[in-house]
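Chemist: Sharing data.pdb, PDB, C-alpha atoms and all ligand atoms:
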```pdb
ATOM      1  CA  MET A 337      93.960  65.063 105.651
ATOM      2  CA  GLU A 338      97.702  65.636 105.289
ATOM      3  CA  TRP A 339      99.930  64.449 108.120
ATOM      4  CA  GLY A 340     101.139  67.914 109.170
ATOM      5  CA  MET A 341      97.623  69.344 109.295
ATOM      6  CA  GLN A 342      96.299  66.327 111.166
ATOM      7  CA  ASN A 343      99.174  66.408 113.627
ATOM      8  CA  ARG A 344      98.802  70.124 114.371
ATOM      9  CA  LEU A 345      95.061  69.750 114.946
ATOM     10  CA  ALA A 346      95.715  66.756 117.207
ATOM     11  CA  ARG A 347      98.051  68.890 119.296
ATOM     12  CA  ILE A 348      95.176  71.304 119.945
ATOM     13  CA  ILE A 349      92.170  68.960 120.138
ATOM     14  CA  ARG A 350      93.277  66.097 122.353
ATOM     15  CA  PRO A 351      92.643  62.810 120.540
ATOM     16  CA  GLU A 352      92.078  60.899 123.835
ATOM     17  CA  THR A 353      88.955  62.923 124.640
ATOM     18  CA  GLY A 354      88.188  64.781 121.415
ATOM     19  CA  HIS A 355      88.087  67.990 123.430
ATOM     20  CA  SER A 356      90.223  71.099 123.722
ATOM     21  CA  LEU A 357      90.835  73.650 126.419
ATOM     22  CA  MET A 358      92.337  76.683 124.735
ATOM     23  CA  LEU A 359      93.335  79.580 126.942
ATOM     24  CA  ALA A 360      92.684  82.898 125.181
ATOM     25  CA  VAL A 361      95.100  85.611 126.255
ATOM     26  CA  ASP A 362      95.121  87.676 123.070
ATOM     27  CA  HIS A 363      92.754  90.397 124.325
ATOM     28  CA  GLY A 364      95.454  93.068 124.474
ATOM     29  CA  TYR A 365      95.761  93.200 120.686
ATOM     30  CA  PHE A 366      92.850  95.629 120.610
ATOM     31  CA  LEU A 367      91.999  96.195 124.322
ATOM     32  CA  GLY A 368      95.444  96.992 125.688
ATOM     33  CA  PRO A 369      96.185  95.887 129.268
ATOM     34  CA  THR A 370      92.886  94.147 130.016
ATOM     35  CA  SER A 371      91.982  93.503 133.638
ATOM     36  CA  GLY A 372      93.674  90.292 134.751
ATOM     37  CA  LEU A 373      96.132  90.412 131.861
ATOM     38  CA  GLU A 374      98.060  93.540 132.813
ATOM     39  CA  ILE A 375     101.294  91.578 133.080
ATOM     40  CA  PRO A 376     100.726  88.697 130.695
ATOM     41  CA  ALA A 377     103.632  86.538 131.911
ATOM     42  CA  GLU A 378     102.212  86.511 135.439
ATOM     43  CA  THR A 379      98.772  85.523 134.216
ATOM     44  CA  ILE A 380      99.927  82.927 131.723
ATOM     45  CA  ARG A 381     102.646  81.159 133.705
ATOM     46  CA  PRO A 382     100.507  79.298 136.275
ATOM     47  CA  LEU A 383      97.683  78.614 133.804
ATOM     48  CA  ALA A 384      99.511  77.351 130.719
ATOM     49  CA  PRO A 385     100.309  73.898 132.118
ATOM     50  CA  TYR A 386      96.589  73.183 132.301
ATOM     51  CA  ALA A 387      95.792  74.471 128.802
ATOM     52  CA  ASP A 388      95.811  72.390 125.615
ATOM     53  CA  ALA A 389      96.794  75.510 123.666
ATOM     54  CA  LEU A 390      97.485  79.189 124.216
ATOM     55  CA  MET A 391      95.887  81.735 121.930
ATOM     56  CA  LEU A 392      97.933  84.918 121.794
ATOM     57  CA  THR A 393      99.836  87.393 119.627
ATOM     58  CA  ARG A 394     103.494  87.120 118.686
ATOM     59  CA  GLY A 395     104.379  90.049 120.957
ATOM     60  CA  ILE A 396     103.054  88.347 124.069
ATOM     61  CA  LEU A 397     104.460  85.007 122.971
ATOM     62  CA  ARG A 398     107.972  86.420 122.636
ATOM     63  CA  THR A 399     107.952  88.490 125.815
ATOM     64  CA  SER A 400     105.854  86.432 128.175
ATOM     65  CA  VAL A 401     106.118  82.748 127.322
ATOM     66  CA  THR A 402     109.308  80.732 127.534
ATOM     67  CA  GLY A 403     110.521  79.106 124.329
ATOM     68  CA  THR A 404     110.919  75.804 126.177
ATOM     69  CA  THR A 405     107.183  75.367 126.615
ATOM     70  CA  SER A 406     105.462  72.392 125.033
ATOM     71  CA  THR A 407     102.014  74.009 125.153
ATOM     72  CA  PRO A 408     100.900  74.475 121.521
ATOM     73  CA  ILE A 409     100.434  78.014 120.262
ATOM     74  CA  VAL A 410      97.434  79.326 118.355
ATOM     75  CA  LEU A 411      98.826  82.526 116.973
ATOM     76  CA  ARG A 412      96.507  85.515 116.597
ATOM     77  CA  VAL A 413      97.571  87.009 113.252
ATOM     78  CA  SER A 414      94.891  89.664 112.750
ATOM     79  CA  GLY A 415      94.604  93.133 114.240
ATOM     80  CA  GLY A 416      95.456  96.710 113.393
ATOM     81  CA  THR A 417      92.474  98.187 115.250
ATOM     82  CA  SER A 418      91.762  99.351 118.787
ATOM     83  CA  ILE A 419      88.688  99.835 120.971
ATOM     84  CA  LEU A 420      88.952 103.545 120.170
ATOM     85  CA  ARG A 421      88.026 103.008 116.502
ATOM     86  CA  ASP A 422      86.144 100.560 114.241
ATOM     87  CA  LEU A 423      87.009  97.080 115.428
ATOM     88  CA  ASP A 424      85.768  95.417 112.269
ATOM     89  CA  ASN A 425      88.499  96.964 110.155
ATOM     90  CA  GLU A 426      91.158  94.362 110.960
ATOM     91  CA  GLY A 427      93.890  93.178 108.666
ATOM     92  CA  ILE A 428      96.617  90.535 108.776
ATOM     93  CA  THR A 429      99.404  91.573 111.135
ATOM     94  CA  THR A 430     101.675  88.550 111.085
ATOM     95  CA  THR A 431     103.024  86.623 108.123
ATOM     96  CA  ILE A 432     102.829  82.885 107.693
ATOM     97  CA  ARG A 433     106.645  82.762 107.722
ATOM     98  CA  GLU A 434     106.565  84.311 111.185
ATOM     99  CA  ALA A 435     103.949  81.772 112.303
ATOM    100  CA  ILE A 436     106.234  78.975 111.108
ATOM    101  CA  ARG A 437     109.265  80.588 112.770
ATOM    102  CA  LEU A 438     107.305  80.717 116.033
ATOM    103  CA  ASN A 439     106.289  77.070 115.621
ATOM    104  CA  ALA A 440     102.574  77.911 115.759
ATOM    105  CA  ALA A 441     100.212  74.940 115.804
ATOM    106  CA  ALA A 442      97.511  77.125 114.208
ATOM    107  CA  VAL A 443      96.821  80.691 113.145
ATOM    108  CA  ALA A 444      93.731  82.669 114.148
ATOM    109  CA  LEU A 445      91.923  85.715 112.890
ATOM    110  CA  SER A 446      88.550  87.385 113.363
ATOM    111  CA  ILE A 447      85.829  87.756 110.792
ATOM    112  CA  PHE A 448      83.139  90.408 111.089
ATOM    113  CA  VAL A 449      80.091  89.067 109.266
ATOM    114  CA  GLY A 450      77.438  91.732 108.749
ATOM    115  CA  ALA A 451      79.778  94.596 109.622
ATOM    116  CA  GLU A 452      80.986  97.371 107.350
ATOM    117  CA  HIS A 453      84.239  95.579 106.565
ATOM    118  CA  GLU A 454      82.708  92.135 106.233
ATOM    119  CA  LYS A 455      84.139  91.562 102.765
ATOM    120  CA  GLU A 456      87.708  92.561 103.668
ATOM    121  CA  THR A 457      87.749  90.304 106.719
ATOM    122  CA  LEU A 458      86.298  87.357 104.797
ATOM    123  CA  LEU A 459      88.804  87.793 101.977
ATOM    124  CA  GLY A 460      91.499  88.193 104.635
ATOM    125  CA  LEU A 461      90.437  84.835 106.067
ATOM    126  CA  SER A 462      90.528  83.252 102.606
ATOM    127  CA  ASN A 463      94.002  84.610 101.838
ATOM    128  CA  LEU A 464      95.331  83.481 105.200
ATOM    129  CA  ILE A 465      93.905  79.997 104.644
ATOM    130  CA  ASN A 466      95.452  79.830 101.155
ATOM    131  CA  GLU A 467      98.877  80.542 102.646
ATOM    132  CA  ALA A 468      98.544  78.491 105.827
ATOM    133  CA  GLU A 469      97.317  75.410 103.966
ATOM    134  CA  GLU A 470     100.518  75.445 101.869
ATOM    135  CA  TYR A 471     102.387  74.586 105.060
ATOM    136  CA  GLY A 472      99.794  72.340 106.694
ATOM    137  CA  ILE A 473      98.865  74.951 109.300
ATOM    138  CA  PRO A 474      95.218  75.037 110.400
ATOM    139  CA  THR A 475      93.338  78.341 110.567
ATOM    140  CA  LEU A 476      90.956  79.145 113.404
ATOM    141  CA  ALA A 477      88.299  81.705 112.405
ATOM    142  CA  VAL A 478      86.853  83.788 115.235
ATOM    143  CA  THR A 479      83.316  85.029 114.620
ATOM    144  CA  ALA A 480      83.495  88.481 116.169
ATOM    145  CA  VAL A 481      80.102  89.921 117.042
ATOM    146  CA  GLY A 482      79.447  93.652 116.704
ATOM    147  CA  LYS A 483      77.366  95.533 119.263
ATOM    148  CA  ASP A 484      74.415  95.703 116.872
ATOM    149  CA  MET A 485      74.366  92.003 116.052
ATOM    150  CA  ALA A 486      72.272  89.456 117.912
ATOM    151  CA  ARG A 487      74.247  86.619 119.466
ATOM    152  CA  ASP A 488      71.702  84.091 118.317
ATOM    153  CA  ALA A 489      71.865  80.787 116.476
ATOM    154  CA  ARG A 490      70.843  82.415 113.232
ATOM    155  CA  TYR A 491      73.696  84.938 113.227
ATOM    156  CA  LEU A 492      76.359  82.710 114.795
ATOM    157  CA  GLY A 493      75.297  79.846 112.518
ATOM    158  CA  LEU A 494      75.667  82.103 109.483
ATOM    159  CA  ALA A 495      79.100  83.397 110.499
ATOM    160  CA  SER A 496      80.400  79.946 111.526
ATOM    161  CA  ARG A 497      79.206  78.312 108.316
ATOM    162  CA  ILE A 498      80.777  81.024 106.157
ATOM    163  CA  ALA A 499      84.097  80.555 107.981
ATOM    164  CA  ALA A 500      83.975  76.805 107.362
ATOM    165  CA  GLU A 501      82.993  77.281 103.704
ATOM    166  CA  LEU A 502      86.023  79.517 103.185
ATOM    167  CA  GLY A 503      88.247  76.766 104.573
ATOM    168  CA  ALA A 504      88.731  77.430 108.294
ATOM    169  CA  ARG A 505      89.761  74.199 110.040
ATOM    170  CA  MET A 506      88.216  75.336 113.327
ATOM    171  CA  VAL A 507      85.715  78.014 114.308
ATOM    172  CA  LYS A 508      85.505  79.961 117.520
ATOM    173  CA  THR A 509      82.087  81.380 118.262
ATOM    174  CA  TYR A 510      79.787  82.124 121.183
ATOM    175  CA  TYR A 511      77.401  79.841 122.981
ATOM    176  CA  CYS A 512      73.725  80.681 122.381
ATOM    177  CA  ASP A 513      70.239  79.182 122.620
ATOM    178  CA  ASP A 514      69.774  76.451 119.996
ATOM    179  CA  PHE A 515      73.531  76.037 119.844
ATOM    180  CA  GLU A 516      73.067  72.558 118.289
ATOM    181  CA  LYS A 517      71.869  74.323 115.146
ATOM    182  CA  VAL A 518      75.130  76.293 114.939
ATOM    183  CA  VAL A 519      77.090  73.048 115.353
ATOM    184  CA  ALA A 520      74.947  71.152 112.846
ATOM    185  CA  GLY A 521      75.489  73.792 110.174
ATOM    186  CA  CYS A 522      79.245  73.994 110.641
ATOM    187  CA  PRO A 523      81.231  71.030 109.286
ATOM    188  CA  VAL A 524      84.415  71.820 111.251
ATOM    189  CA  PRO A 525      85.056  71.695 115.023
ATOM    190  CA  ILE A 526      83.702  74.588 117.089
ATOM    191  CA  VAL A 527      85.132  76.025 120.292
ATOM    192  CA  ILE A 528      83.281  78.653 122.291
ATOM    193  CA  ALA A 529      84.627  81.907 123.660
ATOM    194  CA  GLY A 530      83.816  82.500 127.284
ATOM    195  CA  GLY A 531      82.656  86.089 126.790
ATOM    196  CA  LYS A 532      82.388  88.539 129.652
ATOM    197  CA  LYS A 533      83.116  87.374 133.186
ATOM    198  CA  LEU A 534      80.331  85.330 134.779
ATOM    199  CA  PRO A 535      80.109  83.796 138.241
ATOM    200  CA  GLU A 536      82.256  80.636 138.113
ATOM    201  CA  ARG A 537      79.397  78.172 138.312
ATOM    202  CA  GLU A 538      77.569  79.880 135.440
ATOM    203  CA  ALA A 539      80.688  79.821 133.287
ATOM    204  CA  LEU A 540      81.085  76.095 133.990
ATOM    205  CA  GLU A 541      77.423  75.520 133.132
ATOM    206  CA  MET A 542      77.874  77.331 129.823
ATOM    207  CA  ALA A 543      80.973  75.315 128.934
ATOM    208  CA  HIS A 544      79.213  72.095 129.880
ATOM    209  CA  ARG A 545      76.154  72.916 127.787
ATOM    210  CA  ALA A 546      78.369  73.840 124.832
ATOM    211  CA  ILE A 547      80.245  70.536 124.809
ATOM    212  CA  SER A 548      77.059  68.552 125.442
ATOM    213  CA  GLU A 549      75.588  70.273 122.395
ATOM    214  CA  GLY A 550      78.533  69.534 120.121
ATOM    215  CA  ALA A 551      81.370  72.013 120.711
ATOM    216  CA  VAL A 552      84.805  70.376 120.892
ATOM    217  CA  GLY A 553      85.799  72.709 123.667
ATOM    218  CA  VAL A 554      86.413  76.241 124.784
ATOM    219  CA  ASP A 555      88.788  79.025 123.896
ATOM    220  CA  MET A 556      88.196  80.837 127.149
ATOM    221  CA  GLY A 557      89.852  83.965 128.462
ATOM    222  CA  ARG A 558      88.173  86.279 130.965
ATOM    223  CA  ASN A 559      86.156  83.581 132.697
ATOM    224  CA  ILE A 560      89.456  81.972 133.585
ATOM    225  CA  PHE A 561      91.978  84.751 134.122
ATOM    226  CA  GLN A 562      89.495  87.142 135.771
ATOM    227  CA  SER A 563      88.232  84.415 138.111
ATOM    228  CA  GLU A 564      88.813  84.959 141.826
ATOM    229  CA  ASN A 565      91.098  81.921 141.502
ATOM    230  CA  PRO A 566      92.232  81.410 137.882
ATOM    231  CA  VAL A 567      94.259  78.243 138.558
ATOM    232  CA  ALA A 568      91.318  76.605 140.332
ATOM    233  CA  MET A 569      88.994  77.689 137.527
ATOM    234  CA  ILE A 570      91.091  76.313 134.692
ATOM    235  CA  GLN A 571      91.325  72.974 136.508
ATOM    236  CA  ALA A 572      87.551  72.907 136.890
ATOM    237  CA  VAL A 573      87.057  73.606 133.175
ATOM    238  CA  ARG A 574      89.625  70.919 132.418
ATOM    239  CA  ALA A 575      87.667  68.388 134.454
ATOM    240  CA  LEU A 576      84.536  69.145 132.411
ATOM    241  CA  LEU A 577      86.346  68.702 129.133
ATOM    242  CA  HIS A 578      88.731  65.864 129.777
ATOM    243  CA  GLU A 579      87.367  63.986 132.770
ATOM    244  CA  ASN A 580      83.702  64.038 131.913
ATOM    245  CA  ALA A 581      82.904  65.892 135.144
ATOM    246  CA  THR A 582      79.402  67.211 135.747
ATOM    247  CA  VAL A 583      78.889  70.895 136.513
ATOM    248  CA  ASP A 584      78.484  70.053 140.218
ATOM    249  CA  GLU A 585      81.722  68.056 140.220
ATOM    250  CA  ALA A 586      83.622  70.749 138.325
ATOM    251  CA  PHE A 587      82.346  73.450 140.680
ATOM    252  CA  GLU A 588      83.401  71.331 143.637
ATOM    253  CA  ILE A 589      86.865  71.023 142.061
ATOM    254  CA  PHE A 590      86.968  74.818 141.734
ATOM    255  CA  ASN A 591      86.038  75.301 145.406
ATOM    256  CA  GLU A 592      88.380  72.587 146.587
ATOM    257  CA  LYS A 593      91.381  73.944 144.607
ATOM    258  CA  LYS A 594      90.551  77.444 145.794
ATOM    259  CA  ARG A 595      90.482  76.287 149.410
ATOM    260  CA  SER A 596      93.743  74.372 149.113
ATOM    261  CA  SER A 597      95.538  77.240 147.375
ATOM    262  CA  GLY A 598      94.334  79.528 150.201
ATOM    263  CA  LYS A 599      95.819  77.137 152.767
ATOM    264  CA  GLU A 600      99.071  76.969 150.852
ATOM    265  CA  GLU A 601      99.285  80.759 150.693
ATOM    266  CA  LYS A 602      98.790  80.900 154.437
ATOM    267  CA  ALA A 603     101.403  78.221 155.045
ATOM    268  CA  HIS A 604     103.947  80.029 152.898
ATOM    269  CA  GLY A 605     102.940  83.411 154.273
ATOM    270  CA  LYS A 606     102.781  84.631 150.666
ATOM    271  CA  LYS A 607     101.026  83.933 147.402
ATOM    272  CA  ALA A 608     101.450  80.398 146.079
ATOM    273  CA  VAL A 609     102.697  81.548 142.698
ATOM    274  CA  VAL A 610     104.854  84.612 142.509
ATOM    275  CA  ILE A 611     107.429  85.625 140.006
ATOM    276  CA  GLY A 612     110.807  86.828 141.074
ATOM    277  CA  LYS A 613     113.739  85.542 143.041
ATOM    278  CA  ASP A 614     111.724  83.923 145.813
ATOM    279  CA  GLN A 615     109.480  82.149 143.332
ATOM    280  CA  THR A 616     107.422  79.275 144.655
ATOM    281  CA  ASP A 617     105.396  77.103 142.367
ATOM    282  CA  PRO A 618     102.954  74.511 143.657
ATOM    283  CA  ARG A 619     102.688  72.578 140.399
ATOM    284  CA  PRO A 620     103.888  68.986 140.294
ATOM    285  CA  LYS A 621     107.460  68.727 139.037
ATOM    286  CA  GLU A 622     106.492  66.683 135.995
ATOM    287  CA  ILE A 623     104.177  69.471 134.809
ATOM    288  CA  LYS A 624     106.941  72.051 135.175
ATOM    289  CA  VAL A 625     109.318  69.856 133.235
ATOM    290  CA  ALA A 626     106.824  68.893 130.573
ATOM    291  CA  GLN A 627     105.449  72.334 129.923
ATOM    292  CA  GLY A 628     108.335  74.614 130.797
ATOM    293  CA  TYR A 629     107.514  77.600 132.870
ATOM    294  CA  TYR A 630     106.717  81.156 132.096
ATOM    295  CA  GLU A 631     109.181  83.915 132.632
ATOM    296  CA  THR A 632     108.657  87.579 133.198
ATOM    297  CA  SER A 633     110.179  89.838 130.588
ATOM    298  CA  LYS A 634     113.310  91.821 131.417
ATOM    299  CA  HIS A 635     111.186  94.950 131.325
ATOM    300  CA  HIS A 636     108.912  93.687 134.112
ATOM    301  CA  GLU A 637     111.830  92.385 136.205
ATOM    302  CA  LYS A 638     113.395  95.816 135.952
ATOM    303  CA  ARG A 639     110.167  97.575 136.822
ATOM    304  CA  ARG A 640     109.589  95.321 139.810
ATOM    305  CA  GLY A 641     113.137  95.993 141.012
ATOM    306  CA  LYS A 642     112.583  99.720 140.709
ATOM    307  CA  GLU A 643     109.262  99.522 142.611
ATOM    308  CA  LYS A 644     111.005  97.657 145.448
ATOM    309  CA  HIS A 645     113.773 100.258 145.488
ATOM    310  CA  ASP A 646     111.269 103.142 145.557
ATOM    311  CA  ARG A 647     109.328 101.526 148.438
ATOM    312  CA  LYS A 648     112.502 101.161 150.487
ATOM    313  CA  LYS A 649     113.361 104.833 149.903
ATOM    314  CA  ARG A 650     109.952 105.962 151.184
TER     315      ARG A 650
HETATM  316  C1  LIG B 701      88.514  88.211 120.911
HETATM  317  O1  LIG B 701      88.397  88.362 119.714
HETATM  318  C2  LIG B 701      89.577  87.402 121.439
HETATM  319  O2  LIG B 701      89.930  86.389 120.509
HETATM  320  C3  LIG B 701      89.350  86.752 122.786
HETATM  321  O3  LIG B 701      90.422  85.933 122.969
HETATM  322  C4  LIG B 701      88.072  85.963 122.858
HETATM  323  O4  LIG B 701      86.966  86.771 122.854
HETATM  324  C5  LIG B 701      88.017  84.915 123.980
HETATM  325  O5  LIG B 701      88.098  85.422 125.182
HETATM  326  P1  LIG B 701      86.895  85.511 126.215
HETATM  327  O6  LIG B 701      86.686  84.106 126.712
HETATM  328  O7  LIG B 701      87.435  86.431 127.245
HETATM  329  O8  LIG B 701      85.680  86.001 125.498
END
```
What is this structure when it is put down as structure tokens?
Ligand code: R5P

Modeler:
Amino acid sequence: MEWGMQNRLARIIRPETGHSLMLAVDHGYFLGPTSGLEIPAETIRPLAPYADALMLTRGILRTSVTGTTSTPIVLRVSGGTSILRDLDNEGITTTIREAIRLNAAAVALSIFVGAEHEKETLLGLSNLINEAEEYGIPTLAVTAVGKDMARDARYLGLASRIAAELGARMVKTYYCDDFEKVVAGCPVPIVIAGGKKLPEREALEMAHRAISEGAVGVDMGRNIFQSENPVAMIQAVRALLHENATVDEAFEIFNEKKRSSGKEEKAHGKKAVVIGKDQTDPRPKEIKVAQGYYETSKHHEKRRGKEKHDRKKR
């Protein structure tokens, strides 16, 4: 493998553990302001230091993530559809030059195997890979699953294998029964999506089963940012992936972090992490320095200022 490709993959999949905790915050590209991600900067800022990579679009990267971050970026480069129409009719939205300009560690797009536009999305994947490989950039293929498709090992194995055959360097798919079969049939690393929000312990169990059965990690969104305590949840998932924690231990970490963040909120008389002038941030200094921190966009600062002003007037 060429040095650039190897190095980019090693930035995403940590060589010390062979695992990866990707935080997916790209949902808005077809869902709009998803619950928990209404103001992306606020969601991303406290979570990014615990993530091995952030998966997102260029719009959210530019507006909601500081350029001084060292967290690698997996850039979502497909889209062009919304939940109001056919989701499987995606195209490439972002050029490879833009991905390079944004210093992406990888590019990502969805394929829709078995859907009406299967062929277009598979050829889209192939074209993206042809371009990205020229520059040593890995492509992550996301196996999107239509409402009519079964999320079983047969379907997910088919879609994952096709993605790998076309040259994807990583595949993101869903966890399912007989997941080992999906892994066995796919010669490149697999990460699982979290899917819809589950109770925290169940989400940890799913992630644990996935890595025990061969996934290199997770590319998890809603089960982290829609958690009752996202920062506690991402640390629990991290313990599973990088500290070999059991589900019980990871769940205890979740509860413990949740309790301590509650105490901190009480002590400060406000939320532990807020954005604005009176910002407090409980993360250790070295994490802030190493990872940078996440700013709100000017638009949100302005809006928050106006809301304050309107409240005072009332
Ligand atoms: C969907 O295509 C997007 O890539 C999401 O980022 C993905 O589904 C992962 O998020 P979640 O864990 O919320 O399923």

Chemist: Go ahead and compute the interatomic distance for CA of Leu392 (chain A) and CA of Leu411 (chain A), in Å to one decimal.

Modeler: 5.5 Å

Chemist: Report, in Å with one decimal, the straight-line distance from CA of Ile375 (chain A) to CA of Ala586 (chain A).

Modeler: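 CA of Ile375 (chain A) sits 27.8 Å away from CA of Ala586 (chain A).
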
Chemist: I would like the residues chosen by the PyMOL selection byres (((not hetatm)) within 8 of (chain B and resi 701)) on the shown file; could you give them as a PDB file with C-alpha atoms, in the frame of the given file?

Modeler:
```pdb
ATOM      1  CA  ALA A 360      92.684  82.898 125.181  1.00  0.00           C
ATOM      2  CA  VAL A 361      95.100  85.611 126.255  1.00  0.00           C
ATOM      3  CA  ASP A 362      95.121  87.676 123.070  1.00  0.00           C
ATOM      4  CA  HIS A 363      92.754  90.397 124.325  1.00  0.00           C
ATOM      5  CA  MET A 391      95.887  81.735 121.930  1.00  0.00           C
ATOM      6  CA  LEU A 392      97.933  84.918 121.794  1.00  0.00           C
ATOM      7  CA  ARG A 412      96.507  85.515 116.597  1.00  0.00           C
ATOM      8  CA  LEU A 445      91.923  85.715 112.890  1.00  0.00           C
ATOM      9  CA  SER A 446      88.550  87.385 113.363  1.00  0.00           C
ATOM     10  CA  VAL A 478      86.853  83.788 115.235  1.00  0.00           C
ATOM     11  CA  THR A 479      83.316  85.029 114.620  1.00  0.00           C
ATOM     12  CA  ALA A 480      83.495  88.481 116.169  1.00  0.00           C
ATOM     13  CA  ILE A 528      83.281  78.653 122.291  1.00  0.00           C
ATOM     14  CA  ALA A 529      84.627  81.907 123.660  1.00  0.00           C
ATOM     15  CA  GLY A 530      83.816  82.500 127.284  1.00  0.00           C
ATOM     16  CA  GLY A 531      82.656  86.089 126.790  1.00  0.00           C
ATOM     17  CA  LYS A 532      82.388  88.539 129.652  1.00  0.00           C
ATOM     18  CA  LYS A 533      83.116  87.374 133.186  1.00  0.00           C
ATOM     19  CA  ASP A 555      88.788  79.025 123.896  1.00  0.00           C
ATOM     20  CA  MET A 556      88.196  80.837 127.149  1.00  0.00           C
ATOM     21  CA  GLY A 557      89.852  83.965 128.462  1.00  0.00           C
ATOM     22  CA  ARG A 558      88.173  86.279 130.965  1.00  0.00           C
ATOM     23  CA  ASN A 559      86.156  83.581 132.697  1.00  0.00           C
ATOM     24  CA  ILE A 560      89.456  81.972 133.585  1.00  0.00           C
TER      25      ILE A 560
END
```

Chemist: Taking 4 positions as the minimum chain separation for residues in the same chain, which residues sit within 8 Å of Lys517 (chain A) when counting all atoms listed in the file? Answer as a PyMOL selection string.

Modeler: chain A and resi 489+493+521

Chemist: I'd like the interatomic distance between CA of Ile428 (chain A) and CA of Thr404 (chain A), to a tenth of an Å.

Modeler: 26.9 Å

Chemist: Fewer than 4 positions away in the same chain doesn't count, so skip those; otherwise give me all residues within 9 Å of Pro523 (chain A), counting only C-alpha atoms, as a list in words.

Modeler: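 Here the qualifying residues turn out to be Arg497, Ala500, Glu501 and Val519 of chain A.
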
Chemist: Would you save the residues from that selection as a short mmCIF file (atom, residue, chain, number, x, y, z; two decimals), in the frame of the given file, using C-alpha atoms?

Modeler:
```cif
data_model
loop_
_atom_site.label_atom_id
_atom_site.label_comp_id
_atom_site.auth_asym_id
_atom_site.auth_seq_id
_atom_site.Cartn_x
_atom_site.Cartn_y
_atom_site.Cartn_z
CA ARG A 497 79.21 78.31 108.32
CA ALA A 500 83.98 76.81 107.36
CA GLU A 501 82.99 77.28 103.70
CA VAL A 519 77.09 73.05 115.35
#
```

Chemist: Could you list, as a compact mmCIF listing (two decimals) with C-alpha atoms, in the frame of the given file, every residue matched by the PyMOL selection byres (((chain A and resi 443) around 8) and not hetatm) in this structure?

Modeler:
```txt
# COMPACT_ATOMS: atom_id res chain seq x y z
CA VAL A 410 97.43 79.33 118.36
CA LEU A 411 98.83 82.53 116.97
CA ARG A 412 96.51 85.52 116.60
CA VAL A 413 97.57 87.01 113.25
CA ALA A 435 103.95 81.77 112.30
CA ALA A 440 102.57 77.91 115.76
CA ALA A 441 100.21 74.94 115.80
CA ALA A 442 97.51 77.12 114.21
CA ALA A 444 93.73 82.67 114.15
CA LEU A 445 91.92 85.72 112.89
CA ALA A 468 98.54 78.49 105.83
CA ILE A 473 98.86 74.95 109.30
CA PRO A 474 95.22 75.04 110.40
CA THR A 475 93.34 78.34 110.57
CA LEU A 476 90.96 79.14 113.40
```

Chemist: Taking (100.2, 74.6, 105.1) in the coordinates of the supplied file, I want to know which residues reach to within 10 Å of it, counting only C-alpha atoms; could you give the answer as a list in words?

Modeler: Glu338, Gly340, Met341, Ile432, Ile436, Ala442, Ile465, Asn466, Glu467, Ala468, Glu469, Glu470, Tyr471, Gly472, Ile473, Pro474 and Thr475 of chain A

Chemist: For Ala486 (chain A), which of A:Val449, A:Ala377, A:Ala581, A:Met337 is the closest residue, counting all atoms listed in the file?

Modeler: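 With all atoms listed in the file as the atom set, the closest residue is A:Val449.
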
Chemist: Can you pull out every residue within 6 Å of region 571-574 of chain A, counting only C-alpha atoms, but drop anything in the same chain fewer than 3 positions away, and send it as a list in words?

Modeler: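 Listed by chain and then number, they are Ala568, Leu577, His578, Ala586, Ile589 and Phe590 of chain A.
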
Chemist: Take the PyMOL selection byres (((chain A and resi 506) around 6) and not hetatm), run it mentally on this structure, and tell me the resulting residues as a PyMOL selection string.

Modeler: chain A and resi 476+504-505+507+524-526

Chemist: Could you tell me which of A:Ala551, A:Leu345, A:Leu438, A:Leu494 comes closest to Arg394 (chain A) if we count only C-alpha atoms?

Modeler: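 Ranked by minimum distance to Arg394 (chain A), first place goes to A:Leu438.
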
Chemist: I'd like the neighbourhood of Asp484 (chain A) as a VMD selection string, where a residue qualifies if any of its atoms comes within 12 Å (using all atoms listed in the file), though same-chain residues fewer than 6 positions away should be ignored.

Modeler: chain A and resid 448 to 452 491

Chemist: Keeping only C-alpha atoms, write those residues as a tab-separated table (two decimals), keeping the file's coordinate frame.

Modeler:
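File produced: selection11.tsv:
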```tsv
chain	number	residue	atom	x	y	z
A	448	PHE	CA	83.14	90.41	111.09
A	449	VAL	CA	80.09	89.07	109.27
A	450	GLY	CA	77.44	91.73	108.75
A	451	ALA	CA	79.78	94.60	109.62
A	452	GLU	CA	80.99	97.37	107.35
A	491	TYR	CA	73.70	84.94	113.23
```

Chemist: Please determine, counting only C-alpha atoms, which residue among A:Arg595, A:Arg421, A:Arg381, A:His355 has the shortest atom-to-atom distance to Ile547 (chain A).

Modeler: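 Ranking A:Arg595, A:Arg421, A:Arg381, A:His355 by distance to Ile547 (chain A), first place goes to A:His355.
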
Chemist: Considering only C-alpha atoms, can you say which of A:Asn425, A:Thr431, A:Thr582, A:Thr417 comes closest to His453 (chain A)?

Modeler: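 Checking each candidate against His453 (chain A), we get A:Asn425 as the closest.
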